[in-house]
Amino acid sequence: MDFKQLRYFTTVVEEGSISAAAKRIPLAQPALSRQLQLLEESVGAALLMRSRHGIRLTAAGEAFHGEVRRLLSEFEQAKRNARRIADGWLGQLRLGVTVMHLWVPQIVRLLNDFRQRHPEVTLKVVSLLSAPQIESIRRNRLDAGMLFFPPEDDDELCSHCLYEDRLVLVTSTGSPLAESPPRRLADLNGEDFIWFERSATPTYHDKLIHAFQRRGFTPHVVQEGADNATMLCLVAAGMGCTILPEMTMAGAPEGVVCHSLDDLDLALPLMLVWRRDASLPAVHRLIEVAESRSLAPSGTSGMLPVAE
């Protein structure tokens, strides 16, 4: 039994005779009769009663016909779905995003734009720091990620810059630093500083520490946070100051304010990263949407104002 035989069978039922069905298919009548015979042998029951007036379904044929119509309909739908998945219009896209980016207006607009263009592609968004995102992309647990500083000179990965952010000093609103903001990184020496473990995202950590050292600043770390959201909460609680991407202020709790520093000039390109051999077409649809957009630079509408 195969789908060709099932289609022959339904055509015969619809036409009411083998001769009419043979013309419609088209197929020689003896060949069609042979295919129907093979189908009945495969089923193990007579499906059709033949007479000079045409054909009628047996009781077994009635039941079989109903199931075959459903099966053929599902098969056609499966083919349509497969084609839509192959074209990137259907399926699931596993996307890594750092937790603070989930409410950054520019990123929200990008995800909304993708959703509007591809409503049948489900976005499964996973909140991860940059380093775990890279590992998950390598292991095919994520299809793409949005992160800072992907590995350089990595032939396995491709990237596209979504947005370039800047670093800001973040303090509690009631701290002396908020009342008299420093102008340079070195002015923060000796201040209680909230930071994060290097193991969480080594590349990002090292780039920031090197930038601090070049400007004569050595952080006096009194507390560590697992991620940017935790660090903001610790600052709001008055436990110290920190330095974070400006975009994180879009989701900051009450009681914190950010300040620009004259020599805090390390650029933070937020990159869309994916495997070079990515086979999921929806990934390439996301890339197309990202490349068609011009995301606003830092400091534009949607960000909290920077205290000068």
# chains A, B, ... in the order shown; residues from 1 in each chain; ligands from 1
call {"tool": "select_by_dssp", "arguments": {"residues": "range 59-197 of chain A", "states": "helix (DSSP H, G or I)", "output": "PyMOL selection string"}}
result
chain A and resi 59-86+99-103+105-117+130-138+176-179+185-188
call {"tool": "closest_residue", "arguments": {"among": "A:Arg83, A:His160, A:Ser17, A:Arg34", "to": "Arg52 in chain A", "atoms": "only C-alpha atoms"}}
result
A:Ser17
call {"tool": "residues_around", "arguments": {"residues": "Ser159 in chain A", "least_positions_apart": "5", "cutoff": "7 Å", "atoms": "only C-alpha atoms", "output": "PyMOL selection string"}}
result
chain A and resi 271-274
call {"tool": "write_last_selection", "arguments": {"atoms": "N, CA and C atoms", "output": "mmCIF file, in the first residue's frame"}}
result
data_model
loop_
_atom_site.group_PDB
_atom_site.id
_atom_site.type_symbol
_atom_site.label_atom_id
_atom_site.label_comp_id
_atom_site.auth_asym_id
_atom_site.auth_seq_id
_atom_site.Cartn_x
_atom_site.Cartn_y
_atom_site.Cartn_z
ATOM 1 N N MET A 271 25.526 42.030 19.694
ATOM 2 C CA MET A 271 25.599 41.265 18.455
ATOM 3 C C MET A 271 24.538 40.166 18.406
ATOM 4 N N LEU A 272 23.970 39.974 17.232
ATOM 5 C CA LEU A 272 23.178 38.778 16.947
ATOM 6 C C LEU A 272 24.155 37.730 16.445
ATOM 7 N N VAL A 273 24.204 36.580 17.111
ATOM 8 C CA VAL A 273 25.200 35.545 16.814
ATOM 9 C C VAL A 273 24.497 34.247 16.467
ATOM 10 N N TRP A 274 25.025 33.553 15.466
ATOM 11 C CA TRP A 274 24.473 32.262 15.064
ATOM 12 C C TRP A 274 25.585 31.396 14.478
#
call {"tool": "residues_around", "arguments": {"residues": "range 149-152 of chain A", "least_positions_apart": "6", "cutoff": "12 Å", "atoms": "only C-alpha atoms", "output": "ChimeraX atom specification"}}
result
/A:129-135,137-138,158-161,164-165,201-208,266-275
call {"tool": "closest_residue", "arguments": {"among": "A:Met231, A:Cys241, A:Val289, A:Ile55", "to": "Pro182 in chain A", "atoms": "only C-alpha atoms"}}
result
A:Cys241
call {"tool": "atom_distance", "arguments": {"atom1": "CA of Ile85 in chain A", "atom2": "CA of Leu102 in chain A"}}
result
25.9 Å
call {"tool": "residues_around", "arguments": {"residues": "Glu191 in chain A", "least_positions_apart": "4", "cutoff": "10 Å", "atoms": "only C-alpha atoms", "output": "ChimeraX atom specification"}}
result
/A:177,187,218-222,240-242
call {"tool": "select_by_dssp", "arguments": {"residues": "range 54-269 of chain A", "states": "strand (DSSP E)", "output": "ChimeraX atom specification"}}
result
/A:54-57,91-97,121-127,144-148,157-165,167-172,192-195,220-224,242-245,256-259,268-269
call {"tool": "atom_distance", "arguments": {"atom1": "CA of Asn228 in chain A", "atom2": "CA of Pro245 in chain A"}}
result
8.9 Å
call {"tool": "atom_distance", "arguments": {"atom1": "CA of Leu47 in chain A", "atom2": "CA of Leu71 in chain A"}}
result
16.8 Å
call {"tool": "closest_residue", "arguments": {"among": "A:Lys4, A:His101, A:His210, A:Arg80", "to": "Ala252 in chain A", "atoms": "only C-alpha atoms"}}
result
A:His101
call {"tool": "closest_residue", "arguments": {"among": "A:Phe64, A:Glu156, A:Phe212, A:Leu95", "to": "Leu142 in chain A", "atoms": "only C-alpha atoms"}}
result
A:Leu95
